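Enquirer: Submitted below is the structure of interest, expressed as structure tokens.
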Amino acid sequence: MIMPDQAHLMARYNRWQNESLYSAADSLDHSARLEDRGAFFRSIHETLAHILWADRIWLSRFGMCEKPTCAGHETLKLWADWEVLQADRMEMDDVIDTWTDGFSESDLRDRLEWYSGAAERTLSKPVWLLVTHIFNHQTHHRGQVHAMLTAAGSSPDDTDLFLMEGEV
């Protein structure tokens, strides 16, 4: 089981890495961000939109935001505009910070029950496992974005957790 401090640390890491990737992506033009680079979600823009979409799905299950109004493969319906995607990402990072700031050990031991479209059934899992999943999912797809940005000639920051500024 994770502890509340670990969840908050990962929320800080999430914000730090998002700031790095979005800043690096800003150095590319719109067509370069949308270029199909062979990734699962094709482009830099679409992969970043997928991460935000998934964060919204999960945080809506915890009552922290509204559920996205489109399916996961339709994220450009919500975030075709780069500036809107950036603004919504920063807003979601604030939501994630607030969410993790409020955690107690008891909260993390609780269970969440929800209907999973991916599994096509109702599931119930410990909150600590789902929190871990959310941050793991972000990290997985940000790694894809980091690779695409690097291949496109941009220079995102290091991704090592121990290099993050601030107290741990």
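Residue names in the structure tokens use chain letters A, B, ... in the order shown, residue numbers from 1 in each chain, and ligand numbers from 1 in the order shown.
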Residues within 12 Å of Trp53 of chain A, please, as a list in words. Count only C-alpha atoms; anything in the same chain fewer than 5 positions from it doesn't count.
Expert: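 Returned residues: Glu46, Thr47, Leu48, Trp58, Leu59, Ser60, Cys65, Glu66, Lys67, Pro68, Thr69, Cys70, Ala71, Gly72, His73, Glu74, Thr75, Leu76, Lys77, Leu78, Trp79, Leu85, Asp88, Arg89, Met92, Ile134, His137 and Gln138 of chain A.
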Enquirer: Residues near Gly166 of chain A, anyone? I mean within 12 Å using only C-alpha atoms, not counting same-chain ones fewer than 2 positions away, as a PyMOL selection string.
Expert: chain A and resi 9+12-13+16+161-164+168
Enquirer: Okay, now the selection with C-alpha atoms, as a PDB file, in the first residue's frame?
Expert:
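Saved result, part_34.pdb, follows:
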```pdb
ATOM      1  CA  LEU A   9       4.914  13.291  -4.282  1.00  0.00           C
ATOM      2  CA  ARG A  12       4.154  16.914  -7.815  1.00  0.00           C
ATOM      3  CA  TYR A  13       6.042  14.681 -10.249  1.00  0.00           C
ATOM      4  CA  TRP A  16       6.717  18.761 -13.118  1.00  0.00           C
ATOM      5  CA  LEU A 161      12.045  11.299  -9.908  1.00  0.00           C
ATOM      6  CA  PHE A 162      15.098  11.913  -7.730  1.00  0.00           C
ATOM      7  CA  LEU A 163      16.011  14.947  -9.880  1.00  0.00           C
ATOM      8  CA  MET A 164      12.757  16.755  -9.078  1.00  0.00           C
ATOM      9  CA  VAL A 168      10.756  14.909  -0.421  1.00  0.00           C
TER      10      VAL A 168
END
```
Enquirer: As an MDAnalysis selection string, which residues of chain A does DSSP assign to strand (DSSP E)?
Expert: chainID A and resid 111:116 121:126
Enquirer: Using only C-alpha atoms, which of A:Arg42, A:Asp81, A:His141, A:Ile57 sits nearest Ser116 of chain A?
Expert: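 Once distances to Ser116 of chain A are computed over only C-alpha atoms, the minimum belongs to A:Ile57.
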Enquirer: Which of these residues is nearest to Ser23 of chain A, using only C-alpha atoms: A:Asp93, A:Asp157, A:Asp5, A:Asp101?
Expert: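 Using only C-alpha atoms, Ser23 of chain A sits closest to A:Asp157.
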Enquirer: Between A:Tyr22, A:Trp128, A:Phe62, A:Phe103, which residue has the minimum interatomic distance to Glu83 of chain A, considering only C-alpha atoms?
Expert: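 Checking each of A:Tyr22, A:Trp128, A:Phe62, A:Phe103 against Glu83 of chain A, counting only C-alpha atoms, the winner is A:Tyr22.
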Enquirer: At a cut-off of 9 Å, using only C-alpha atoms, what residues contact Val131 of chain A? Leave out same-chain residues fewer than 3 positions from it and give the result as number ranges by chain.
Expert: A: 2, 7, 108, 126-128, 134-136
Enquirer: Env of Asp29 of chain A: 12 Å cut, atoms = only C-alpha atoms, seq-sep filter 2 positions within chain, self excluded. Answer as a VMD selection string.
Expert: chain A and resid 24 to 27 31 to 35 44 to 45 82 149 152 to 154
